[in-house]
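One file, run-v1.cif, is given below (mmCIF, C-alpha atoms).
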```
data_run
#
loop_
_atom_site.label_atom_id
_atom_site.label_comp_id
_atom_site.auth_asym_id
_atom_site.auth_seq_id
_atom_site.Cartn_x
_atom_site.Cartn_y
_atom_site.Cartn_z
CA MET A 108 120.23 259.15 75.38
CA GLY A 109 117.64 256.39 75.79
CA GLU A 110 115.42 255.88 78.83
CA PHE A 111 117.44 253.01 80.28
CA GLU A 112 120.74 254.83 79.82
CA LEU A 113 119.25 257.89 81.50
CA ILE A 114 118.09 255.82 84.48
CA GLN A 115 121.43 254.06 84.74
CA ARG A 116 123.38 257.32 84.63
CA PHE A 117 121.32 259.41 87.06
CA PHE A 118 119.19 257.08 89.19
CA ALA A 119 121.00 253.74 89.62
CA TRP A 120 121.73 253.79 93.35
CA GLY A 121 122.32 250.88 95.67
CA ALA A 122 119.47 249.87 97.98
CA ARG A 123 119.59 250.67 101.69
CA GLY A 124 119.29 247.47 103.73
CA PRO A 125 118.30 243.90 102.82
CA GLN A 126 114.51 244.30 102.52
CA LEU A 127 114.62 245.39 98.87
CA VAL A 128 115.37 241.96 97.44
CA VAL A 129 115.04 242.99 93.77
CA GLU A 130 116.40 246.49 93.19
CA ASN A 131 115.92 249.30 90.70
CA GLY A 132 116.50 248.13 87.11
CA ASP A 133 114.17 245.15 86.71
CA ASP A 134 110.50 245.15 85.63
CA CYS A 135 109.46 245.37 89.28
CA ALA A 136 111.16 245.97 92.58
CA VAL A 137 110.50 243.33 95.24
CA PHE A 138 110.24 244.37 98.90
CA ARG A 139 110.08 242.01 101.86
CA PRO A 140 108.18 243.64 104.79
CA SER A 141 109.40 243.13 108.33
CA PHE A 142 107.54 240.52 110.38
CA GLY A 143 104.70 242.01 112.42
CA HIS A 144 104.56 245.22 110.42
CA ASP A 145 102.01 246.89 108.15
CA MET A 146 102.98 248.73 105.00
CA ALA A 147 101.90 252.31 104.37
CA PHE A 148 102.14 253.86 100.94
CA SER A 149 101.22 257.15 99.32
CA ILE A 150 101.84 259.02 96.08
CA ASP A 151 102.47 262.71 95.58
CA THR A 152 102.75 264.64 92.31
CA GLN A 153 104.56 267.94 91.76
CA VAL A 154 103.79 269.92 88.59
CA GLN A 155 105.84 272.86 87.33
CA ASP A 156 104.13 276.23 87.93
CA VAL A 157 101.52 274.54 90.13
CA HIS A 158 103.68 273.22 93.00
CA PHE A 159 106.95 274.99 92.26
CA PRO A 160 108.08 277.85 90.01
CA ALA A 161 109.86 277.03 86.77
CA SER A 162 112.88 279.04 87.96
CA LEU A 163 113.51 276.75 90.94
CA PRO A 164 116.83 274.88 90.65
CA ALA A 165 116.45 271.19 89.88
CA ARG A 166 118.05 270.03 93.12
CA HIS A 167 115.37 271.90 95.10
CA ILE A 168 112.57 270.49 92.95
CA ALA A 169 113.84 266.97 93.61
CA TYR A 170 114.35 267.43 97.36
CA ARG A 171 110.87 268.93 97.77
CA ALA A 172 109.24 266.14 95.77
CA LEU A 173 110.56 263.42 98.05
CA ALA A 174 110.15 265.39 101.29
CA CYS A 175 106.51 266.20 100.51
CA ALA A 176 105.80 262.54 99.81
CA VAL A 177 107.41 261.17 102.99
CA SER A 178 105.43 263.73 105.01
CA ASP A 179 102.35 261.56 104.41
CA LEU A 180 104.17 258.64 106.02
CA ALA A 181 104.98 260.81 109.05
CA ALA A 182 101.27 261.56 109.48
CA MET A 183 100.61 257.82 109.81
CA GLY A 184 103.58 257.21 112.11
CA ALA A 185 105.34 255.12 109.44
CA GLN A 186 109.05 255.01 108.67
CA PRO A 187 110.05 255.38 104.99
CA LYS A 188 111.62 252.33 103.37
CA PHE A 189 111.64 252.90 99.62
CA PHE A 190 110.14 255.06 96.87
CA THR A 191 109.50 254.97 93.15
CA LEU A 192 109.81 257.93 90.80
CA ALA A 193 107.86 258.84 87.65
CA LEU A 194 109.66 261.70 85.93
CA THR A 195 108.15 263.54 82.95
CA LEU A 196 110.67 265.78 81.16
CA PRO A 197 110.17 268.35 78.39
CA ASP A 198 113.66 267.54 77.06
CA GLN A 199 116.96 265.91 78.03
CA ASP A 200 118.95 268.64 79.75
CA LEU A 201 121.87 266.69 81.17
CA ALA A 202 123.03 269.46 83.51
CA TRP A 203 119.48 269.77 84.89
CA LEU A 204 119.25 266.00 85.34
CA GLN A 205 122.57 265.89 87.18
CA ASP A 206 121.38 268.61 89.56
CA PHE A 207 118.01 266.87 90.01
CA SER A 208 119.74 263.56 90.75
CA LEU A 209 121.93 265.25 93.37
CA GLY A 210 118.94 266.78 95.15
CA LEU A 211 116.97 263.55 95.06
CA ARG A 212 119.83 261.52 96.48
CA THR A 213 120.42 264.14 99.19
CA ALA A 214 116.78 263.81 100.23
CA ALA A 215 116.93 260.00 100.05
CA ASP A 216 119.94 260.01 102.38
CA GLN A 217 118.22 262.48 104.73
CA PHE A 218 115.08 260.35 105.03
CA ARG A 219 116.93 257.01 104.87
CA VAL A 220 114.88 255.69 101.97
CA SER A 221 115.88 253.71 98.87
CA LEU A 222 114.97 254.46 95.26
CA ALA A 223 113.42 251.20 94.05
CA GLY A 224 112.46 252.05 90.47
CA GLY A 225 110.26 254.22 88.32
CA ASP A 226 109.64 255.53 84.84
CA THR A 227 110.64 258.41 82.59
CA THR A 228 108.69 259.96 79.73
CA ARG A 229 108.47 263.17 77.71
CA GLY A 230 106.06 266.02 78.42
CA PRO A 231 105.54 269.02 80.73
CA LEU A 232 107.81 268.79 83.78
CA THR A 233 106.03 266.58 86.34
CA ILE A 234 107.46 264.56 89.24
CA SER A 235 105.44 261.80 90.90
CA VAL A 236 106.89 260.06 93.94
CA GLN A 237 105.29 256.99 95.50
CA VAL A 238 106.60 256.26 98.99
CA HIS A 239 106.34 253.01 100.95
CA GLY A 240 106.89 252.74 104.68
CA GLU A 241 106.44 250.39 107.62
CA LEU A 242 104.95 250.56 111.07
CA PRO A 243 103.99 247.96 113.68
CA SER A 244 100.81 246.14 112.72
CA GLY A 245 97.64 247.86 113.85
CA GLU A 246 99.36 251.09 114.97
CA ALA A 247 98.66 253.39 111.99
CA VAL A 248 97.59 256.89 113.04
CA THR A 249 94.70 258.17 110.90
CA ARG A 250 92.62 261.31 110.57
CA ALA A 251 89.61 259.54 112.04
CA GLY A 252 90.77 258.91 115.62
CA ALA A 253 90.33 262.29 117.33
CA GLN A 254 88.19 262.16 120.48
CA VAL A 255 86.21 264.79 122.34
CA GLY A 256 88.50 266.26 125.01
CA ASP A 257 91.67 265.69 123.01
CA LEU A 258 94.16 268.51 122.77
CA LEU A 259 95.11 269.72 119.28
CA LEU A 260 98.85 270.18 118.75
CA VAL A 261 101.10 271.38 115.94
CA THR A 262 104.75 270.58 115.25
CA GLY A 263 107.15 273.29 114.14
CA THR A 264 105.88 276.67 112.95
CA LEU A 265 103.22 277.54 110.39
CA GLY A 266 103.20 279.83 107.36
CA ASP A 267 106.93 279.87 106.66
CA ALA A 268 106.68 277.97 103.37
CA ILE A 269 104.21 280.33 101.68
CA GLY A 270 106.40 283.24 102.78
CA GLY A 271 109.37 281.37 101.37
CA LEU A 272 107.65 280.92 98.02
CA GLU A 273 107.09 284.66 97.81
CA CYS A 274 110.78 285.21 98.60
CA ILE A 275 111.68 282.89 95.71
CA PHE A 276 109.43 284.83 93.35
CA ASP A 277 111.41 287.91 94.45
CA ASP A 278 114.73 286.10 93.78
CA GLN A 279 115.55 286.03 97.50
CA TYR A 280 116.75 282.42 97.47
CA GLN A 281 118.98 282.89 100.51
CA HIS A 282 116.18 284.18 102.72
CA GLN A 283 115.50 281.95 105.73
CA LEU A 284 111.90 281.45 104.63
CA ALA A 285 112.93 280.42 101.11
CA GLN A 286 115.01 277.64 102.62
CA VAL A 287 111.93 276.33 104.41
CA PHE A 288 110.09 276.11 101.08
CA VAL A 289 112.88 274.28 99.25
CA ARG A 290 113.78 271.97 102.17
CA PRO A 291 110.59 270.75 103.88
CA ALA A 292 111.39 268.98 107.13
CA PRO A 293 108.54 266.63 108.11
CA PRO A 294 109.05 265.46 111.73
CA MET A 295 109.76 261.81 110.97
CA THR A 296 111.53 260.90 114.23
CA PHE A 297 108.87 262.49 116.40
CA ALA A 298 106.05 260.80 114.46
CA ASP A 299 107.65 257.38 114.85
CA GLN A 300 108.31 257.75 118.57
CA ALA A 301 105.02 259.50 119.40
CA ARG A 302 102.78 257.19 117.36
CA ALA A 303 101.45 255.12 120.28
CA ASN A 304 100.28 258.25 122.12
CA LEU A 305 98.43 259.89 119.22
CA HIS A 306 94.74 259.60 118.46
CA SER A 307 94.87 261.29 115.04
CA ALA A 308 97.25 263.19 112.76
CA ILE A 309 97.51 264.84 109.37
CA ASP A 310 100.37 266.49 107.52
CA ILE A 311 99.80 270.18 106.89
CA SER A 312 100.03 270.48 103.14
CA ASP A 313 96.86 272.26 102.03
CA GLY A 314 96.96 274.71 104.94
CA PHE A 315 96.32 274.43 108.68
CA ALA A 316 92.66 275.53 108.46
CA ALA A 317 91.86 273.09 105.66
CA ASP A 318 93.71 270.17 107.22
CA VAL A 319 92.26 270.55 110.73
CA ASN A 320 88.84 270.58 109.11
CA HIS A 321 89.80 267.27 107.45
CA ILE A 322 90.46 265.75 110.90
CA ALA A 323 87.21 267.19 112.27
CA LYS A 324 85.18 265.71 109.43
CA ALA A 325 86.89 262.29 109.50
CA SER A 326 86.65 262.03 113.30
CA GLU A 327 83.15 263.53 113.59
CA VAL A 328 84.28 266.03 116.22
CA GLY A 329 84.86 269.77 116.28
CA PHE A 330 87.77 271.95 117.32
CA VAL A 331 88.29 275.28 118.99
CA VAL A 332 91.62 276.78 117.93
CA ASN A 333 93.29 279.53 119.93
CA ARG A 334 94.63 282.09 117.45
CA ALA A 335 97.16 283.45 119.95
CA MET A 336 98.74 280.00 120.32
CA ILE A 337 99.43 279.41 116.61
CA PRO A 338 103.24 278.90 116.39
CA ILE A 339 104.83 281.53 114.14
CA SER A 340 108.53 282.04 113.50
CA GLU A 341 110.28 285.35 114.04
CA ALA A 342 111.28 285.33 110.37
CA LEU A 343 107.65 285.15 109.27
CA GLN A 344 106.59 287.81 111.77
CA MET A 345 109.12 290.19 110.27
CA TYR A 346 108.21 289.26 106.68
CA ALA A 347 104.41 289.06 106.76
CA GLN A 348 103.70 291.52 109.61
CA ASP A 349 99.93 292.23 109.65
CA GLU A 350 99.17 289.24 107.41
CA VAL A 351 101.06 286.73 109.50
CA TYR A 352 97.99 284.80 110.67
CA ASP A 353 96.64 284.51 107.12
CA TYR A 354 99.95 282.93 106.11
CA ALA A 355 99.94 280.58 109.09
CA LEU A 356 96.30 279.49 108.89
CA TYR A 357 95.80 279.26 105.14
CA GLY A 358 99.22 279.22 103.44
CA GLY A 359 99.92 275.50 103.12
CA ASP A 360 103.09 273.62 102.12
CA ASP A 361 104.32 273.53 105.73
CA TYR A 362 104.65 269.72 105.90
CA GLN A 363 104.42 269.82 109.67
CA LEU A 364 101.86 267.76 111.60
CA ALA A 365 98.56 268.63 113.22
CA LEU A 366 97.74 265.94 115.75
CA THR A 367 95.47 265.13 118.65
CA ALA A 368 96.16 263.34 121.91
CA SER A 369 94.62 262.86 125.33
CA PRO A 370 95.63 265.64 127.77
CA ASP A 371 97.31 263.14 130.09
CA VAL A 372 99.93 262.13 127.49
CA VAL A 373 100.70 265.67 126.29
CA PRO A 374 103.48 266.21 128.89
CA SER A 375 105.33 263.13 127.58
CA LEU A 376 104.88 264.37 123.99
CA MET A 377 106.32 267.73 125.02
CA SER A 378 109.27 265.99 126.66
CA LEU A 379 109.88 263.94 123.51
CA ALA A 380 109.78 267.09 121.38
CA ASP A 381 112.30 268.77 123.70
CA ASP A 382 114.62 265.77 123.47
CA ILE A 383 114.50 265.89 119.67
CA GLY A 384 114.91 269.67 119.58
CA MET A 385 111.52 270.20 117.93
CA ARG A 386 108.85 272.76 118.69
CA LEU A 387 105.46 271.35 119.73
CA THR A 388 102.53 273.62 120.59
CA VAL A 389 99.04 273.04 121.98
CA VAL A 390 96.75 275.17 119.81
CA GLY A 391 93.26 273.97 120.69
CA GLU A 392 90.93 271.21 121.83
CA ALA A 393 88.39 268.79 120.39
CA ILE A 394 84.73 269.42 121.25
CA ASN A 395 81.45 267.56 120.86
CA LYS A 396 80.18 269.72 118.01
CA GLN A 397 81.00 269.41 114.33
CA GLY A 398 83.06 272.23 112.82
CA VAL A 399 86.18 274.26 113.57
CA TRP A 400 86.19 277.60 115.35
CA LEU A 401 88.89 280.21 115.89
CA ARG A 402 89.07 281.89 119.29
CA GLN A 403 90.45 285.43 119.24
CA GLY A 404 90.22 287.08 122.63
CA GLY A 405 86.64 286.47 123.75
CA ASP A 406 85.29 286.01 120.23
CA LEU A 407 84.65 282.81 118.29
CA SER A 408 84.43 282.68 114.50
CA VAL A 409 84.19 279.78 112.08
CA LEU A 410 87.58 278.70 110.77
CA GLU A 411 86.66 277.97 107.17
CA PRO A 412 88.49 275.11 105.44
CA ARG A 413 90.33 277.50 103.16
CA GLY A 414 93.64 276.36 101.81
CA TYR A 415 95.17 275.19 98.57
CA ASN A 416 92.79 273.46 96.16
CA HIS A 417 94.22 272.30 92.82
CA PHE A 418 90.85 272.51 91.11
CA SER A 419 89.54 275.79 92.51
CA LYS A 420 89.16 278.75 90.19
CA LYS A 421 91.59 281.48 91.23
#
```
Please render this file's structure as structure tokens.
Amino acid sequence: MGEFELIQRFFAWGARGPQLVVENGDDCAVFRPSFGHDMAFSIDTQVQDVHFPASLPARHIAYRALACAVSDLAAMGAQPKFFTLALTLPDQDLAWLQDFSLGLRTAADQFRVSLAGGDTTRGPLTISVQVHGELPSGEAVTRAGAQVGDLLLVTGTLGDAIGGLECIFDDQYQHQLAQVFVRPAPPMTFADQARANLHSAIDISDGFAADVNHIAKASEVGFVVNRAMIPISEALQMYAQDEVYDYALYGGDDYQLALTASPDVVPSLMSLADDIGMRLTVVGEAINKQGVWLRQGGDLSVLEPRGYNHFSKK
């Protein structure tokens, strides 16, 4: 099967909405942005045995690839519009491709985003997804906007994904934590509706400790994080037990948001989260001193920016 036949068979979907004026199948896709909006775009790459185990079913690999990419749009307060896919395959396994296509389309429907084009080639299994989104002009939320006195908040719970990956290594695919790993759920609706009230945000991909340090450095502020307030699920408490805070602080792959906002708007953010049915937790505050500290009881210790680093020596 040639490249174009492969694309036609597994990835030729209709576009969602009129903005994609030239669809998948030509040399380029053409997108017409909405008036008064900025475009946000990001690219994310998933490599076998680096980002996911080789044993993971193709539909889960595909869903994760798109969900992880749109999480970056959530951090900016942007709504996904379309994505492109670069797929590197070791061989043409048609059953695998059918399963991958199913998972990718399920994710595309979930996040209301159109596949606009891409490329396929041969080599070690690698999936690169570039996502494009929109938001009102001048309203992008960045890592650099945190202000002294802001409260630091987290959506959802932390540490579940790394616990889920361990469950998958143990062939416990039906475990609740494993489902969190294979189906990341970035808080897209909350990010869109909360955008105007946020000073800064980042998606938690490398790990909470690493990503909060990214905000601190970009914003030139510091943070004090209350360990007791870190949101942890009952499933992770039962699974990780004494190591639960290591999972939550350093595990990564959560694809939730860490964000900052002025204390006076936090009640409205909490109300919005309740309306959506999403957990939102105040975990700390921004201070006028560079660095991040963890408060445990009456003690303060430096919260090192440990997390996942693709180029670190393990």
Report the residues retrieved by the PyMOL selection byres ((chain A and resi 252) around 12) from the displayed file, expressed as a PDB file with C-alpha atoms, in the coordinates of the input.
```pdb
ATOM      1  CA  MET A 183     100.610 257.820 109.810  1.00  0.00           C
ATOM      2  CA  GLU A 246      99.360 251.090 114.970  1.00  0.00           C
ATOM      3  CA  ALA A 247      98.660 253.390 111.990  1.00  0.00           C
ATOM      4  CA  VAL A 248      97.590 256.890 113.040  1.00  0.00           C
ATOM      5  CA  THR A 249      94.700 258.170 110.900  1.00  0.00           C
ATOM      6  CA  ARG A 250      92.620 261.310 110.570  1.00  0.00           C
ATOM      7  CA  ALA A 251      89.610 259.540 112.040  1.00  0.00           C
ATOM      8  CA  ALA A 253      90.330 262.290 117.330  1.00  0.00           C
ATOM      9  CA  GLN A 254      88.190 262.160 120.480  1.00  0.00           C
ATOM     10  CA  VAL A 255      86.210 264.790 122.340  1.00  0.00           C
ATOM     11  CA  ASP A 257      91.670 265.690 123.010  1.00  0.00           C
ATOM     12  CA  ASN A 304     100.280 258.250 122.120  1.00  0.00           C
ATOM     13  CA  LEU A 305      98.430 259.890 119.220  1.00  0.00           C
ATOM     14  CA  HIS A 306      94.740 259.600 118.460  1.00  0.00           C
ATOM     15  CA  SER A 307      94.870 261.290 115.040  1.00  0.00           C
ATOM     16  CA  ALA A 308      97.250 263.190 112.760  1.00  0.00           C
ATOM     17  CA  ILE A 309      97.510 264.840 109.370  1.00  0.00           C
ATOM     18  CA  HIS A 321      89.800 267.270 107.450  1.00  0.00           C
ATOM     19  CA  ILE A 322      90.460 265.750 110.900  1.00  0.00           C
ATOM     20  CA  ALA A 323      87.210 267.190 112.270  1.00  0.00           C
ATOM     21  CA  LYS A 324      85.180 265.710 109.430  1.00  0.00           C
ATOM     22  CA  ALA A 325      86.890 262.290 109.500  1.00  0.00           C
ATOM     23  CA  SER A 326      86.650 262.030 113.300  1.00  0.00           C
ATOM     24  CA  GLU A 327      83.150 263.530 113.590  1.00  0.00           C
ATOM     25  CA  VAL A 328      84.280 266.030 116.220  1.00  0.00           C
ATOM     26  CA  LEU A 366      97.740 265.940 115.750  1.00  0.00           C
ATOM     27  CA  THR A 367      95.470 265.130 118.650  1.00  0.00           C
ATOM     28  CA  ALA A 368      96.160 263.340 121.910  1.00  0.00           C
ATOM     29  CA  SER A 369      94.620 262.860 125.330  1.00  0.00           C
ATOM     30  CA  ALA A 393      88.390 268.790 120.390  1.00  0.00           C
TER      31      ALA A 393
END
```
Ground truth for the PyMOL selection byres ((chain A and resi 288) around 12), written as a PyMOL selection string: chain A and resi 158-160+163+167-168+170-172+174-175+265-276+279-287+289-293+312+358-362
Pick from A:Ala169, A:Ala298, A:Ala317, A:Ile337 nearest to A:Leu209, counting all atoms listed in the file: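 Among the listed residues, A:Ala169 lies closest to A:Leu209.
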Long-range neighbours of A:Asp145 as a ChimeraX atom specification, 12 Å cut-off, all atoms listed in the file, 2 positions minimum in chain: /A:139-143,147-148,183-186,239-248
Nearest-residue call for A:Arg229, choices A:Ala193, A:Ala215, A:Leu201, A:Leu343, using only C-alpha atoms: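 Answer, going by the shortest atom-to-atom distance: A:Ala193.
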Residue with smallest distance to A:Asp198 - pool A:Thr227, A:Val390, A:Ala181, A:Gln217, counting all atoms listed in the file: A:Thr227
Shell around A:Trp400 at 10 Å using only C-alpha atoms, local window under 5 positions removed, as a PyMOL selection string: chain A and resi 316+320+329-334+391+406-411
Could the residues in this selection be saved with C-alpha atoms as a PDB file, keeping the file's coordinate frame?
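The result, stored in out-v4.pdb:
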```
ATOM      1  CA  ALA A 316      92.660 275.530 108.460  1.00  0.00           C
ATOM      2  CA  ASN A 320      88.840 270.580 109.110  1.00  0.00           C
ATOM      3  CA  GLY A 329      84.860 269.770 116.280  1.00  0.00           C
ATOM      4  CA  PHE A 330      87.770 271.950 117.320  1.00  0.00           C
ATOM      5  CA  VAL A 331      88.290 275.280 118.990  1.00  0.00           C
ATOM      6  CA  VAL A 332      91.620 276.780 117.930  1.00  0.00           C
ATOM      7  CA  ASN A 333      93.290 279.530 119.930  1.00  0.00           C
ATOM      8  CA  ARG A 334      94.630 282.090 117.450  1.00  0.00           C
ATOM      9  CA  GLY A 391      93.260 273.970 120.690  1.00  0.00           C
ATOM     10  CA  ASP A 406      85.290 286.010 120.230  1.00  0.00           C
ATOM     11  CA  LEU A 407      84.650 282.810 118.290  1.00  0.00           C
ATOM     12  CA  SER A 408      84.430 282.680 114.500  1.00  0.00           C
ATOM     13  CA  VAL A 409      84.190 279.780 112.080  1.00  0.00           C
ATOM     14  CA  LEU A 410      87.580 278.700 110.770  1.00  0.00           C
ATOM     15  CA  GLU A 411      86.660 277.970 107.170  1.00  0.00           C
TER      16      GLU A 411
END
```
Proximity to A:Leu232 - best of A:Ser178, A:Gln199, A:Gln403, A:Thr262, all atoms listed in the file: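 Closest candidate: A:Gln199.
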Atom CA of A:Arg413 to atom CA of A:Leu356, straight-line distance in Å: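 These atoms are spaced 8.5 Å apart.
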For atom CA of A:Phe189 and atom CA of A:Ala303, the interatomic separation in Å (one decimal):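 According to the coordinates, atom CA of A:Phe189 and atom CA of A:Ala303 are separated by 23.1 Å.
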Contacts of A:Leu376 within 9 Å, all atoms listed in the file, excl. fewer than 3 positions in-chain, as a list in words: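 Counting all atoms listed in the file, the residues come to Phe297, Ala301, Asn304, Val372, Val373, Leu379, Ala380, Asp381 and Leu387 of chain A.
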Residue nearest A:Thr152 among A:Asp278, A:Ala347, A:Asp200, A:Ala176 (counting all atoms listed in the file): A:Ala176
Specify the axis-aligned box that encloses all atoms of stretch 270-277 of chain A listed in the file after padding of 6 Å on each side, stating its centre and edge lengths in Å to one decimal as AutoDock Vina command-line options.
```
--center_x 109.0 --center_y 284.4 --center_z 98.1 --size_x 17.3 --size_y 19.0 --size_z 21.4
```
Emit stretch 394-402 of chain A of the structure in the block as a file comprising all heavy atoms, as a short mmCIF file (atom, residue, chain, number, x, y, z; two decimals), in the first residue's frame.
```
data_model
loop_
_atom_site.label_atom_id
_atom_site.label_comp_id
_atom_site.auth_asym_id
_atom_site.auth_seq_id
_atom_site.Cartn_x
_atom_site.Cartn_y
_atom_site.Cartn_z
N ILE A 394 5.28 34.50 45.78
CA ILE A 394 5.99 35.37 46.72
C ILE A 394 7.07 36.16 45.98
O ILE A 394 7.46 35.82 44.86
CB ILE A 394 6.62 34.56 47.88
CG1 ILE A 394 7.63 33.54 47.33
CG2 ILE A 394 5.53 33.87 48.70
CD1 ILE A 394 8.42 32.83 48.41
N ASN A 395 7.57 37.18 46.64
CA ASN A 395 8.57 38.07 46.04
C ASN A 395 9.98 37.56 46.33
O ASN A 395 10.82 38.27 46.90
CB ASN A 395 8.39 39.49 46.59
CG ASN A 395 9.23 40.50 45.83
OD1 ASN A 395 9.61 40.27 44.69
ND2 ASN A 395 9.55 41.62 46.47
N LYS A 396 10.22 36.33 45.91
CA LYS A 396 11.54 35.72 46.08
C LYS A 396 11.64 34.58 45.10
O LYS A 396 10.77 33.72 45.05
CB LYS A 396 11.72 35.21 47.51
CG LYS A 396 13.10 34.60 47.78
CD LYS A 396 13.20 34.15 49.22
CE LYS A 396 14.59 33.55 49.49
NZ LYS A 396 14.70 33.06 50.89
N GLN A 397 12.70 34.56 44.31
CA GLN A 397 12.81 33.55 43.26
C GLN A 397 13.00 32.16 43.86
O GLN A 397 13.71 31.98 44.84
CB GLN A 397 14.00 33.87 42.36
CG GLN A 397 14.08 33.04 41.10
CD GLN A 397 13.00 33.39 40.08
OE1 GLN A 397 12.80 34.56 39.77
NE2 GLN A 397 12.31 32.40 39.57
N GLY A 398 12.32 31.18 43.27
CA GLY A 398 12.44 29.79 43.72
C GLY A 398 11.08 29.22 44.10
O GLY A 398 10.07 29.93 44.11
N VAL A 399 11.06 27.93 44.38
CA VAL A 399 9.83 27.25 44.80
C VAL A 399 10.14 26.45 46.06
O VAL A 399 11.12 25.69 46.10
CB VAL A 399 9.29 26.32 43.69
CG1 VAL A 399 7.99 25.66 44.14
CG2 VAL A 399 9.06 27.09 42.40
N TRP A 400 9.28 26.61 47.05
CA TRP A 400 9.46 25.93 48.33
C TRP A 400 8.23 25.08 48.66
O TRP A 400 7.09 25.44 48.29
CB TRP A 400 9.69 26.94 49.46
CG TRP A 400 11.04 27.55 49.39
CD1 TRP A 400 12.17 27.15 50.02
CD2 TRP A 400 11.41 28.70 48.61
NE1 TRP A 400 13.23 27.96 49.69
CE2 TRP A 400 12.79 28.91 48.82
CE3 TRP A 400 10.72 29.54 47.75
CZ2 TRP A 400 13.49 29.96 48.21
CZ3 TRP A 400 11.40 30.58 47.14
CH2 TRP A 400 12.77 30.78 47.38
N LEU A 401 8.47 23.98 49.35
CA LEU A 401 7.41 23.08 49.79
C LEU A 401 7.24 23.21 51.29
O LEU A 401 8.20 23.04 52.06
CB LEU A 401 7.77 21.64 49.42
CG LEU A 401 6.70 20.58 49.69
CD1 LEU A 401 5.49 20.78 48.78
CD2 LEU A 401 7.28 19.18 49.49
N ARG A 402 6.01 23.55 51.71
CA ARG A 402 5.71 23.67 53.13
C ARG A 402 5.11 22.36 53.62
O ARG A 402 4.10 21.89 53.10
CB ARG A 402 4.74 24.82 53.39
CG ARG A 402 4.32 24.93 54.87
CD ARG A 402 3.35 26.06 55.09
NE ARG A 402 3.99 27.36 54.97
CZ ARG A 402 3.49 28.39 54.30
NH1 ARG A 402 2.35 28.24 53.64
NH2 ARG A 402 4.12 29.54 54.27
#
```
